[in-house]
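Q: Coordinates in query.cif, mmCIF, C-alpha atoms and all ligand atoms, are listed below.
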```cif
data_coords
#
loop_
_atom_site.label_atom_id
_atom_site.label_comp_id
_atom_site.auth_asym_id
_atom_site.auth_seq_id
_atom_site.Cartn_x
_atom_site.Cartn_y
_atom_site.Cartn_z
CA MET A 1 -133.53 132.28 15.39
CA GLU A 2 -130.47 134.49 15.36
CA TYR A 3 -130.39 138.31 15.64
CA ILE A 4 -128.48 140.15 12.93
CA LYS A 5 -128.60 143.70 11.54
CA THR A 6 -128.01 143.23 7.82
CA ILE A 7 -128.44 140.37 5.34
CA VAL A 8 -127.95 141.83 1.84
CA THR A 9 -124.32 142.95 1.86
CA ASN A 10 -122.23 144.67 -0.80
CA GLY A 11 -119.70 143.10 -3.09
CA GLY A 12 -119.68 139.75 -4.80
CA PRO A 13 -116.74 137.43 -5.40
CA SER A 14 -114.01 138.07 -7.96
CA ARG A 15 -114.26 138.16 -11.74
CA ASP A 16 -112.95 134.57 -11.89
CA TYR A 17 -116.12 133.44 -10.20
CA LEU A 18 -119.78 134.42 -10.16
CA GLN A 19 -119.71 138.21 -10.13
CA THR A 20 -122.60 140.00 -8.45
CA GLU A 21 -123.12 143.38 -6.79
CA TYR A 22 -124.58 141.92 -3.59
CA VAL A 23 -124.55 138.78 -1.44
CA MET A 24 -127.39 137.40 0.67
CA ASN A 25 -127.47 134.52 3.14
CA ILE A 26 -130.75 134.15 4.99
CA TYR A 27 -129.89 131.04 6.93
CA ARG A 28 -126.85 130.13 9.01
CA GLY A 29 -125.48 126.59 9.09
CA CYS A 30 -126.15 123.89 6.54
CA ASN A 31 -127.71 120.45 6.67
CA HIS A 32 -125.50 118.87 4.01
CA GLY A 33 -122.62 118.41 6.40
CA CYS A 34 -119.75 118.72 3.90
CA ILE A 35 -116.67 118.27 6.07
CA TYR A 36 -114.58 120.68 3.97
CA CYS A 37 -117.11 123.54 4.01
CA TYR A 38 -115.36 126.90 4.46
CA ALA A 39 -118.48 128.28 6.16
CA ARG A 40 -117.41 126.25 9.23
CA SER A 41 -114.52 128.68 9.78
CA ASN A 42 -114.54 131.40 12.45
CA TYR A 43 -115.08 134.09 9.83
CA TYR A 44 -118.59 132.81 9.09
CA GLU A 45 -119.54 130.65 12.05
CA LYS A 46 -119.32 131.79 15.65
CA THR A 47 -120.56 128.51 17.10
CA ASP A 48 -119.78 124.79 16.83
CA ASN A 49 -123.33 124.35 15.64
CA PHE A 50 -122.78 124.55 11.90
CA ASP A 51 -124.74 121.38 11.08
CA ASN A 52 -127.93 122.87 12.52
CA ILE A 53 -129.74 125.40 10.37
CA ARG A 54 -130.76 128.67 11.98
CA ALA A 55 -132.99 131.26 10.35
CA LYS A 56 -132.04 134.88 10.94
CA GLU A 57 -134.62 136.66 13.09
CA ASN A 58 -136.85 139.14 11.22
CA ALA A 59 -135.01 138.16 8.04
CA LEU A 60 -137.58 139.50 5.58
CA GLN A 61 -137.91 142.84 7.36
CA ILE A 62 -134.11 143.23 7.38
CA ILE A 63 -133.89 142.34 3.68
CA ARG A 64 -136.59 144.88 2.84
CA ASP A 65 -134.71 147.58 4.78
CA ASP A 66 -131.41 146.56 3.17
CA LEU A 67 -132.89 146.82 -0.33
CA ARG A 68 -134.45 150.21 0.42
CA ARG A 69 -131.02 151.55 1.45
CA LYS A 70 -129.17 150.37 -1.67
CA VAL A 71 -128.34 153.22 -4.02
CA LYS A 72 -128.89 151.13 -7.13
CA PRO A 73 -130.31 147.69 -7.94
CA GLY A 74 -128.01 144.83 -8.92
CA VAL A 75 -127.68 141.05 -8.90
CA VAL A 76 -127.71 139.29 -5.51
CA LEU A 77 -125.79 136.04 -5.01
CA THR A 78 -127.15 133.50 -2.53
CA GLY A 79 -126.22 129.96 -1.54
CA GLY A 80 -122.54 130.57 -0.75
CA VAL A 81 -122.47 129.58 2.92
CA SER A 82 -125.79 127.78 3.36
CA ASP A 83 -128.31 125.98 1.19
CA PRO A 84 -131.21 128.43 0.68
CA TYR A 85 -133.53 125.47 -0.03
CA ASN A 86 -132.85 123.56 3.20
CA PRO A 87 -135.65 121.55 4.90
CA HIS A 88 -136.76 124.58 6.99
CA GLU A 89 -137.55 126.51 3.85
CA ALA A 90 -140.67 124.40 3.24
CA GLU A 91 -142.15 125.84 6.43
CA HIS A 92 -140.59 129.31 6.71
CA LYS A 93 -140.47 130.18 2.98
CA LEU A 94 -137.86 132.84 3.67
CA THR A 95 -135.98 132.30 0.41
CA ARG A 96 -139.21 132.34 -1.57
CA ASN A 97 -140.41 135.55 0.06
CA ALA A 98 -136.97 137.14 -0.28
CA LEU A 99 -137.07 136.45 -4.04
CA GLU A 100 -140.39 138.27 -4.23
CA LEU A 101 -138.87 141.23 -2.40
CA LEU A 102 -135.90 141.28 -4.76
CA ASN A 103 -138.25 141.22 -7.70
CA ALA A 104 -140.37 144.04 -6.26
CA PHE A 105 -137.25 146.18 -5.77
CA ASP A 106 -136.00 145.30 -9.28
CA PHE A 107 -132.95 143.31 -8.15
CA GLY A 108 -131.69 140.18 -9.93
CA ILE A 109 -130.79 136.89 -8.25
CA CYS A 110 -128.07 134.28 -8.80
CA ILE A 111 -128.62 131.08 -6.77
CA ILE A 112 -125.68 128.71 -6.31
CA THR A 113 -127.32 125.35 -7.09
CA GLY A 114 -125.75 124.56 -10.55
CA ILE A 115 -122.46 122.81 -11.29
CA LEU A 116 -119.60 124.29 -9.28
CA ILE A 117 -116.71 121.84 -8.93
CA ASP A 118 -115.57 123.65 -5.86
CA PRO A 119 -113.62 122.62 -3.99
CA VAL A 120 -111.47 119.91 -5.48
CA ILE A 121 -110.08 117.98 -2.52
CA PRO A 122 -106.33 117.26 -2.96
CA PHE A 123 -105.44 113.54 -2.88
CA ILE A 124 -109.15 112.58 -2.79
CA THR A 125 -111.24 114.05 -5.60
CA ASP A 126 -108.43 115.51 -7.73
CA THR A 127 -108.45 112.86 -10.43
CA LYS A 128 -108.82 113.29 -14.16
CA GLU A 129 -111.62 110.69 -14.22
CA ASN A 130 -113.54 112.50 -11.47
CA VAL A 131 -113.46 115.82 -13.32
CA GLN A 132 -114.44 114.23 -16.65
CA GLU A 133 -117.32 112.34 -15.05
CA LEU A 134 -118.63 115.44 -13.24
CA VAL A 135 -118.65 117.48 -16.45
CA LYS A 136 -120.35 114.66 -18.34
CA LYS A 137 -123.05 114.31 -15.65
CA ALA A 138 -123.49 118.09 -15.51
CA LYS A 139 -124.27 118.14 -19.20
CA HIS A 140 -126.57 115.13 -18.89
CA HIS A 141 -128.57 116.92 -16.16
CA GLY A 142 -129.00 120.09 -18.20
CA ALA A 143 -126.25 122.39 -16.87
CA LYS A 144 -125.28 125.28 -19.15
CA TYR A 145 -121.93 126.01 -17.52
CA ALA A 146 -119.41 124.57 -15.09
CA TYR A 147 -116.79 126.08 -12.81
CA ILE A 148 -113.79 124.44 -11.20
CA SER A 149 -111.56 125.47 -8.32
CA THR A 150 -108.58 123.15 -8.06
CA LEU A 151 -108.01 123.70 -4.36
CA VAL A 152 -109.65 123.53 -0.97
CA THR A 153 -109.35 126.32 1.60
CA LEU A 154 -108.77 125.42 5.24
CA ALA A 155 -108.80 127.76 8.26
CA ASP A 156 -108.91 127.59 12.08
CA ILE A 157 -111.74 125.38 13.39
CA GLN A 158 -112.73 124.34 9.88
CA ARG A 159 -109.25 122.83 9.39
CA SER A 160 -109.44 120.96 12.71
CA TYR A 161 -112.87 119.58 11.87
CA PHE A 162 -111.80 118.56 8.36
CA TYR A 163 -108.73 116.75 9.70
CA GLN A 164 -110.76 114.96 12.35
CA GLU A 165 -113.39 113.77 9.87
CA VAL A 166 -111.21 113.05 6.85
CA ASP A 167 -109.05 110.62 8.84
CA LYS A 168 -112.13 108.52 9.57
CA HIS A 169 -112.47 107.80 5.86
CA PHE A 170 -108.89 108.23 4.66
CA PRO A 171 -106.57 107.21 7.52
CA LYS A 172 -103.57 109.53 8.06
CA MET A 173 -104.77 111.94 5.37
CA SER A 174 -104.46 114.83 7.85
CA GLU A 175 -100.75 114.04 8.25
CA LYS A 176 -100.34 114.27 4.50
CA TYR A 177 -102.07 117.65 4.48
CA SER A 178 -100.07 118.99 7.44
CA LYS A 179 -96.84 117.99 5.79
CA ARG A 180 -97.66 119.55 2.43
CA TYR A 181 -99.74 122.61 3.34
CA LYS A 182 -98.71 123.33 6.95
CA ASN A 183 -101.14 126.07 8.09
CA GLY A 184 -101.68 127.51 4.61
CA TYR A 185 -105.17 128.69 3.72
CA ARG A 186 -105.17 127.66 0.06
CA CYS A 187 -104.41 123.97 -0.40
CA TYR A 188 -103.87 123.47 -4.13
CA ALA A 189 -104.22 120.08 -5.78
CA PRO A 190 -100.69 118.97 -6.78
CA HIS A 191 -101.67 118.63 -10.44
CA GLY A 192 -104.06 121.57 -10.60
CA LYS A 193 -102.85 122.88 -13.96
CA LYS A 194 -103.36 119.47 -15.56
CA LEU A 195 -106.81 119.18 -13.96
CA TRP A 196 -107.74 122.57 -15.41
CA GLU A 197 -106.74 121.35 -18.89
CA VAL A 198 -108.79 118.17 -18.41
CA PHE A 199 -111.74 120.31 -17.27
CA VAL A 200 -111.52 122.62 -20.30
CA GLU A 201 -111.23 119.68 -22.68
CA ALA A 202 -114.24 117.96 -21.07
CA CYS A 203 -116.36 121.15 -21.20
CA GLU A 204 -115.52 121.71 -24.86
CA LYS A 205 -116.36 118.09 -25.66
CA GLU A 206 -119.72 118.31 -23.85
CA GLY A 207 -120.52 121.84 -25.05
CA LEU A 208 -120.57 123.44 -21.58
CA MET A 209 -119.53 127.04 -20.98
CA TYR A 210 -116.58 127.48 -18.61
CA ASN A 211 -115.31 131.01 -19.27
CA MET A 212 -116.63 132.93 -16.25
CA ARG A 213 -116.70 136.25 -18.08
CA ALA A 214 -119.10 134.73 -20.61
CA VAL A 215 -121.02 132.96 -17.84
CA ASN A 216 -121.45 136.22 -15.92
CA TYR A 217 -122.66 137.94 -19.08
CA MET A 218 -125.18 135.14 -19.68
CA ILE A 219 -126.49 135.32 -16.09
CA ARG A 220 -127.15 139.05 -16.43
CA ASN A 221 -128.81 138.74 -19.80
CA ALA A 222 -130.85 135.57 -19.23
S1 LIG B 301 -122.87 125.41 2.28
FE1 LIG B 301 -122.37 124.13 0.52
S2 LIG B 301 -120.34 123.28 0.96
FE2 LIG B 301 -121.18 124.08 2.91
S3 LIG B 301 -122.14 122.27 3.90
FE3 LIG B 301 -123.72 123.36 2.70
S4 LIG B 301 -123.75 122.34 0.67
FE4 LIG B 301 -121.84 121.78 1.72
#
```
Mind converting the file's structure to structure tokens?

A:
Amino acid sequence: MEYIKTIVTNGGPSRDYLQTEYVMNIYRGCNHGCIYCYARSNYYEKTDNFDNIRAKENALQIIRDDLRRKVKPGVVLTGGVSDPYNPHEAEHKLTRNALELLNAFDFGICIITGILIDPVIPFITDTKENVQELVKKAKHHGAKYAYISTLVTLADIQRSYFYQEVDKHFPKMSEKYSKRYKNGYRCYAPHGKKLWEVFVEACEKEGLMYNMRAVNYMIRNA
């Protein structure tokens, strides 16, 4: 368990993404072990223990207090820096109970489990075929919308970890990154504009929404 004072915080991501009034992350760390995960960076993670999930102590009591203090209800985004349905959830049921609290206080919820092609990893997953296949599979599995971010962000210890791990699978890839991106935070795929066009074409062909303004409207009116 980890002591923390607040869990439901103000302000969601930008209009180009899922737009919500609040953000909530009940757990720290994630069991999926994605080597590029931005939640490994110092901003989110104060330990080198990211791959172990930790529940926040008194999480439900803190959430209840947070909700009581909010001036007005809104939509809460969860799932950004940890999977809210990790293996511990079966026992602790924190996400489930938090949803009941949100419902009782008349807040909405947006859970990041759908198709977000984010990040695209330059020189590894940034192919036309990869994007087309992901969109096709998204449709096949019932997704209503898709989102793409044609870059990966890298910072401090997250960058070091990514470089260490990526070289195990793609030898000398870290050298390629260092040369192209130096210490830059946003590492754009070299053909990002083309990938975006491929993504749009694939979404239109499969009948998936991709305009985030329309997606945000749909989420609020579902
Ligand atoms: S939070 Fe998301 S990106 Fe990060 S390790 Fe978990 S599943 Fe992967």

Q: As a quick test: using all atoms listed in the file, which residues lie no more than 10 Å away from ligand LIG 301 (chain B)? Give them as a list in words.

A: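 Selection of residues at most 10 Å from ligand LIG 301 (chain B): Arg28, Gly29, Cys30, Asn31, His32, Gly33, Cys34, Ile35, Tyr36, Cys37, Tyr38, Ala39, Arg40, Phe50, Asp51, Ile53, Gly79, Gly80, Val81, Ser82, Asp83, Pro84, Asn86, Ile112, Thr113, Asp118 and Pro119 of chain A.
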
Q: Taking 5 positions as the minimum chain separation for residues in the same chain, which residues sit within 10 Å of stretch 208-210 of chain A when counting only C-alpha atoms? Answer as a ChimeraX atom specification.

A: /A:135-136,138-139,142-148,199-200,202-203,215,218

Q: For atom CA of A:Leu77 and atom CA of A:Tyr217, quote the distance in Å rounded to one decimal.

A: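 Distance reported for this atom pair: 14.5 Å.
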
Q: Draw an axis-aligned box tight on the listed atoms of stretch 24-39 of chain A, then pad every side by 8 Å and write out centre and edge lengths in Å to one decimal as AutoDock Vina command-line options.

A:
```
--center_x -122.7 --center_y 127.8 --center_z 4.9 --size_x 32.2 --size_y 35.1 --size_z 24.4
```

Q: May I ask for the distance between atom CA of A:Asn52 and atom CA of A:Glu165, given in Å to one decimal place?

A: 17.4 Å

Q: Go ahead and compute the interatomic distance for atom CA of A:Asp126 and atom CA of A:Ala189, in Å to one decimal.

A: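 Going from atom CA of A:Asp126 over to atom CA of A:Ala189, I get 6.5 Å.
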
Q: Which protein, DNA or RNA residues are at most 8 Å from (-110.6, 124.1, -0.8) in the file's coordinates when you count all atoms listed in the file, listed as a PDB file with C-alpha atoms, in the coordinates of the input?

A:
```pdb
ATOM      1  CA  TYR A  36    -114.580 120.680   3.970  1.00  0.00           C
ATOM      2  CA  TYR A  38    -115.360 126.900   4.460  1.00  0.00           C
ATOM      3  CA  ASP A 118    -115.570 123.650  -5.860  1.00  0.00           C
ATOM      4  CA  PRO A 119    -113.620 122.620  -3.990  1.00  0.00           C
ATOM      5  CA  VAL A 120    -111.470 119.910  -5.480  1.00  0.00           C
ATOM      6  CA  ILE A 121    -110.080 117.980  -2.520  1.00  0.00           C
ATOM      7  CA  SER A 149    -111.560 125.470  -8.320  1.00  0.00           C
ATOM      8  CA  THR A 150    -108.580 123.150  -8.060  1.00  0.00           C
ATOM      9  CA  LEU A 151    -108.010 123.700  -4.360  1.00  0.00           C
ATOM     10  CA  VAL A 152    -109.650 123.530  -0.970  1.00  0.00           C
ATOM     11  CA  THR A 153    -109.350 126.320   1.600  1.00  0.00           C
ATOM     12  CA  LEU A 154    -108.770 125.420   5.240  1.00  0.00           C
ATOM     13  CA  ARG A 186    -105.170 127.660   0.060  1.00  0.00           C
ATOM     14  CA  CYS A 187    -104.410 123.970  -0.400  1.00  0.00           C
ATOM     15  CA  TYR A 188    -103.870 123.470  -4.130  1.00  0.00           C
TER      16      TYR A 188
END
```

Q: Counting all atoms listed in the file, which of A:Glu129, A:Asp167, A:Glu197, A:Asp156 gets nearest to A:Ser41?

A: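 Of A:Glu129, A:Asp167, A:Glu197, A:Asp156, the one nearest A:Ser41 is A:Asp156, counting all atoms listed in the file.
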
Q: Return the single residue from A:Lys182, A:Gln158, A:Glu91, A:Gln164 that is closest to A:Asp48, with distances computed using all atoms listed in the file.

A: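 Nearest to A:Asp48: A:Gln158.
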
Q: Which residue is closest to A:His169? Choose from A:Lys93, A:Lys193, A:Ile124, A:Thr47 and count all atoms listed in the file.

A: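 Distance minimum relative to A:His169 lands on A:Ile124.
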
Q: Under the rule that only C-alpha atoms are counted, which of A:Leu195, A:Leu116, A:Leu101, A:Val166 is the nearest residue to A:Asp66?

A: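 For A:Asp66, the nearest of the given residues is A:Leu101.
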
Q: Hey, which of A:Ile219, A:Ile109, A:Ala214, A:Ala155 ends up closest to A:Pro73? Count all atoms listed in the file.

A: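 Using all atoms listed in the file, A:Pro73 sits closest to A:Ile109.
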
Q: Would you save stretch 16-147 of chain A from the block above with C-alpha atoms, as a PDB file, in the first residue's frame?

A:
```
ATOM      1  CA  ASP A  16      -7.008  16.043 -29.436  1.00  0.00           C
ATOM      2  CA  TYR A  17      -7.403  13.168 -27.033  1.00  0.00           C
ATOM      3  CA  LEU A  18     -10.006  11.899 -24.586  1.00  0.00           C
ATOM      4  CA  GLN A  19     -11.277  15.036 -22.898  1.00  0.00           C
ATOM      5  CA  THR A  20     -12.536  14.710 -19.330  1.00  0.00           C
ATOM      6  CA  GLU A  21     -12.888  17.035 -16.341  1.00  0.00           C
ATOM      7  CA  TYR A  22     -11.057  14.713 -13.945  1.00  0.00           C
ATOM      8  CA  VAL A  23      -8.432  11.961 -13.860  1.00  0.00           C
ATOM      9  CA  MET A  24      -8.246   9.028 -11.445  1.00  0.00           C
ATOM     10  CA  ASN A  25      -5.555   6.396 -10.958  1.00  0.00           C
ATOM     11  CA  ILE A  26      -6.182   4.068  -8.035  1.00  0.00           C
ATOM     12  CA  TYR A  27      -3.190   1.826  -8.531  1.00  0.00           C
ATOM     13  CA  ARG A  28       0.469   2.613  -9.107  1.00  0.00           C
ATOM     14  CA  GLY A  29       2.631   0.476 -11.386  1.00  0.00           C
ATOM     15  CA  CYS A  30       1.384  -1.871 -14.064  1.00  0.00           C
ATOM     16  CA  ASN A  31       1.716  -5.590 -14.686  1.00  0.00           C
ATOM     17  CA  HIS A  32       1.793  -5.390 -18.483  1.00  0.00           C
ATOM     18  CA  GLY A  33       5.426  -4.354 -18.543  1.00  0.00           C
ATOM     19  CA  CYS A  34       5.357  -2.241 -21.723  1.00  0.00           C
ATOM     20  CA  ILE A  35       8.950  -1.068 -22.052  1.00  0.00           C
ATOM     21  CA  TYR A  36       7.939   2.288 -23.580  1.00  0.00           C
ATOM     22  CA  CYS A  37       5.382   3.190 -20.890  1.00  0.00           C
ATOM     23  CA  TYR A  38       5.600   6.889 -19.992  1.00  0.00           C
ATOM     24  CA  ALA A  39       4.358   6.097 -16.486  1.00  0.00           C
ATOM     25  CA  ARG A  40       7.881   4.757 -15.799  1.00  0.00           C
ATOM     26  CA  SER A  41       9.217   8.331 -15.863  1.00  0.00           C
ATOM     27  CA  ASN A  42      10.107  10.305 -12.721  1.00  0.00           C
ATOM     28  CA  TYR A  43       6.992  12.440 -13.082  1.00  0.00           C
ATOM     29  CA  TYR A  44       4.738   9.476 -12.291  1.00  0.00           C
ATOM     30  CA  GLU A  45       6.972   6.895 -10.656  1.00  0.00           C
ATOM     31  CA  LYS A  46       9.216   7.624  -7.697  1.00  0.00           C
ATOM     32  CA  THR A  47      10.614   4.096  -7.477  1.00  0.00           C
ATOM     33  CA  ASP A  48      12.220   1.523  -9.781  1.00  0.00           C
ATOM     34  CA  ASN A  49       9.333  -0.740  -8.911  1.00  0.00           C
ATOM     35  CA  PHE A  50       6.990   0.078 -11.774  1.00  0.00           C
ATOM     36  CA  ASP A  51       6.320  -3.547 -12.734  1.00  0.00           C
ATOM     37  CA  ASN A  52       4.813  -4.270  -9.317  1.00  0.00           C
ATOM     38  CA  ILE A  53       1.287  -3.027  -8.728  1.00  0.00           C
ATOM     39  CA  ARG A  54       0.623  -1.076  -5.555  1.00  0.00           C
ATOM     40  CA  ALA A  55      -2.816  -0.060  -4.330  1.00  0.00           C
ATOM     41  CA  LYS A  56      -3.091   3.383  -2.787  1.00  0.00           C
ATOM     42  CA  GLU A  57      -3.827   3.179   0.935  1.00  0.00           C
ATOM     43  CA  ASN A  58      -7.394   4.122   1.927  1.00  0.00           C
ATOM     44  CA  ALA A  59      -8.119   4.655  -1.765  1.00  0.00           C
ATOM     45  CA  LEU A  60     -11.911   4.529  -1.520  1.00  0.00           C
ATOM     46  CA  GLN A  61     -12.055   6.915   1.431  1.00  0.00           C
ATOM     47  CA  ILE A  62      -9.803   9.377  -0.421  1.00  0.00           C
ATOM     48  CA  ILE A  63     -11.936   9.116  -3.575  1.00  0.00           C
ATOM     49  CA  ARG A  64     -15.105   9.748  -1.567  1.00  0.00           C
ATOM     50  CA  ASP A  65     -13.533  12.837   0.021  1.00  0.00           C
ATOM     51  CA  ASP A  66     -12.234  14.027  -3.367  1.00  0.00           C
ATOM     52  CA  LEU A  67     -15.691  13.724  -4.925  1.00  0.00           C
ATOM     53  CA  ARG A  68     -17.337  15.551  -2.022  1.00  0.00           C
ATOM     54  CA  ARG A  69     -14.946  18.490  -2.532  1.00  0.00           C
ATOM     55  CA  LYS A  70     -15.562  18.861  -6.282  1.00  0.00           C
ATOM     56  CA  VAL A  71     -17.685  21.884  -7.103  1.00  0.00           C
ATOM     57  CA  LYS A  72     -19.460  20.145  -9.966  1.00  0.00           C
ATOM     58  CA  PRO A  73     -19.701  16.599 -11.334  1.00  0.00           C
ATOM     59  CA  GLY A  74     -17.940  15.652 -14.567  1.00  0.00           C
ATOM     60  CA  VAL A  75     -16.393  12.735 -16.440  1.00  0.00           C
ATOM     61  CA  VAL A  76     -13.426  10.970 -14.811  1.00  0.00           C
ATOM     62  CA  LEU A  77     -10.726   9.351 -16.960  1.00  0.00           C
ATOM     63  CA  THR A  78      -8.957   6.265 -15.617  1.00  0.00           C
ATOM     64  CA  GLY A  79      -6.434   3.802 -17.012  1.00  0.00           C
ATOM     65  CA  GLY A  80      -3.801   6.309 -18.164  1.00  0.00           C
ATOM     66  CA  VAL A  81      -0.852   5.204 -16.041  1.00  0.00           C
ATOM     67  CA  SER A  82      -1.978   1.808 -14.761  1.00  0.00           C
ATOM     68  CA  ASP A  83      -4.431  -0.899 -15.753  1.00  0.00           C
ATOM     69  CA  PRO A  84      -7.462  -0.486 -13.446  1.00  0.00           C
ATOM     70  CA  TYR A  85      -8.353  -4.155 -14.037  1.00  0.00           C
ATOM     71  CA  ASN A  86      -5.006  -5.634 -12.978  1.00  0.00           C
ATOM     72  CA  PRO A  87      -4.858  -9.017 -11.168  1.00  0.00           C
ATOM     73  CA  HIS A  88      -5.161  -7.360  -7.711  1.00  0.00           C
ATOM     74  CA  GLU A  89      -8.528  -5.934  -8.645  1.00  0.00           C
ATOM     75  CA  ALA A  90     -10.152  -9.371  -8.351  1.00  0.00           C
ATOM     76  CA  GLU A  91      -9.356  -9.333  -4.634  1.00  0.00           C
ATOM     77  CA  HIS A  92      -9.406  -5.629  -3.705  1.00  0.00           C
ATOM     78  CA  LYS A  93     -12.246  -4.506  -6.033  1.00  0.00           C
ATOM     79  CA  LEU A  94     -11.070  -0.910  -5.742  1.00  0.00           C
ATOM     80  CA  THR A  95     -11.981   0.010  -9.311  1.00  0.00           C
ATOM     81  CA  ARG A  96     -15.390  -1.600  -8.962  1.00  0.00           C
ATOM     82  CA  ASN A  97     -16.144   0.202  -5.703  1.00  0.00           C
ATOM     83  CA  ALA A  98     -14.789   3.477  -7.075  1.00  0.00           C
ATOM     84  CA  LEU A  99     -17.232   3.200 -10.007  1.00  0.00           C
ATOM     85  CA  GLU A 100     -20.081   2.837  -7.530  1.00  0.00           C
ATOM     86  CA  LEU A 101     -18.894   5.947  -5.708  1.00  0.00           C
ATOM     87  CA  LEU A 102     -18.705   7.892  -8.964  1.00  0.00           C
ATOM     88  CA  ASN A 103     -22.205   6.779  -9.816  1.00  0.00           C
ATOM     89  CA  ALA A 104     -23.512   7.757  -6.374  1.00  0.00           C
ATOM     90  CA  PHE A 105     -21.982  11.231  -6.735  1.00  0.00           C
ATOM     91  CA  ASP A 106     -23.343  11.544 -10.303  1.00  0.00           C
ATOM     92  CA  PHE A 107     -19.949  11.531 -12.043  1.00  0.00           C
ATOM     93  CA  GLY A 108     -19.299   9.851 -15.399  1.00  0.00           C
ATOM     94  CA  ILE A 109     -16.411   7.514 -16.186  1.00  0.00           C
ATOM     95  CA  CYS A 110     -14.173   6.959 -19.221  1.00  0.00           C
ATOM     96  CA  ILE A 111     -11.976   3.843 -18.927  1.00  0.00           C
ATOM     97  CA  ILE A 112      -8.985   3.519 -21.263  1.00  0.00           C
ATOM     98  CA  THR A 113      -9.365  -0.085 -22.457  1.00  0.00           C
ATOM     99  CA  GLY A 114     -10.523   0.476 -26.122  1.00  0.00           C
ATOM    100  CA  ILE A 115      -8.373   0.976 -29.201  1.00  0.00           C
ATOM    101  CA  LEU A 116      -5.708   3.626 -28.649  1.00  0.00           C
ATOM    102  CA  ILE A 117      -2.800   3.213 -31.071  1.00  0.00           C
ATOM    103  CA  ASP A 118      -0.578   5.069 -28.679  1.00  0.00           C
ATOM    104  CA  PRO A 119       2.303   5.151 -28.866  1.00  0.00           C
ATOM    105  CA  VAL A 120       3.555   4.282 -32.312  1.00  0.00           C
ATOM    106  CA  ILE A 121       7.173   3.222 -31.832  1.00  0.00           C
ATOM    107  CA  PRO A 122       9.453   4.792 -34.490  1.00  0.00           C
ATOM    108  CA  PHE A 123      11.378   2.238 -36.598  1.00  0.00           C
ATOM    109  CA  ILE A 124       9.470  -0.653 -34.975  1.00  0.00           C
ATOM    110  CA  THR A 125       5.679  -0.370 -35.179  1.00  0.00           C
ATOM    111  CA  ASP A 126       5.432   2.607 -37.543  1.00  0.00           C
ATOM    112  CA  THR A 127       4.474   0.680 -40.645  1.00  0.00           C
ATOM    113  CA  LYS A 128       1.487   1.160 -42.907  1.00  0.00           C
ATOM    114  CA  GLU A 129       0.611  -2.543 -42.614  1.00  0.00           C
ATOM    115  CA  ASN A 130       0.697  -2.400 -38.809  1.00  0.00           C
ATOM    116  CA  VAL A 131      -1.714   0.538 -38.664  1.00  0.00           C
ATOM    117  CA  GLN A 132      -4.080  -1.018 -41.222  1.00  0.00           C
ATOM    118  CA  GLU A 133      -4.100  -4.342 -39.383  1.00  0.00           C
ATOM    119  CA  LEU A 134      -4.753  -2.711 -35.991  1.00  0.00           C
ATOM    120  CA  VAL A 135      -7.714  -0.757 -37.338  1.00  0.00           C
ATOM    121  CA  LYS A 136      -9.098  -3.858 -39.042  1.00  0.00           C
ATOM    122  CA  LYS A 137      -8.789  -5.914 -35.834  1.00  0.00           C
ATOM    123  CA  ALA A 138     -10.295  -3.088 -33.782  1.00  0.00           C
ATOM    124  CA  LYS A 139     -13.377  -3.143 -35.961  1.00  0.00           C
ATOM    125  CA  HIS A 140     -13.533  -6.939 -35.862  1.00  0.00           C
ATOM    126  CA  HIS A 141     -13.505  -6.856 -32.044  1.00  0.00           C
ATOM    127  CA  GLY A 142     -16.311  -4.318 -31.818  1.00  0.00           C
ATOM    128  CA  ALA A 143     -14.479  -0.998 -31.314  1.00  0.00           C
ATOM    129  CA  LYS A 144     -16.483   2.126 -32.158  1.00  0.00           C
ATOM    130  CA  TYR A 145     -13.521   4.474 -32.467  1.00  0.00           C
ATOM    131  CA  ALA A 146      -9.740   4.495 -32.751  1.00  0.00           C
ATOM    132  CA  TYR A 147      -7.047   7.003 -31.868  1.00  0.00           C
TER     133      TYR A 147
END
```
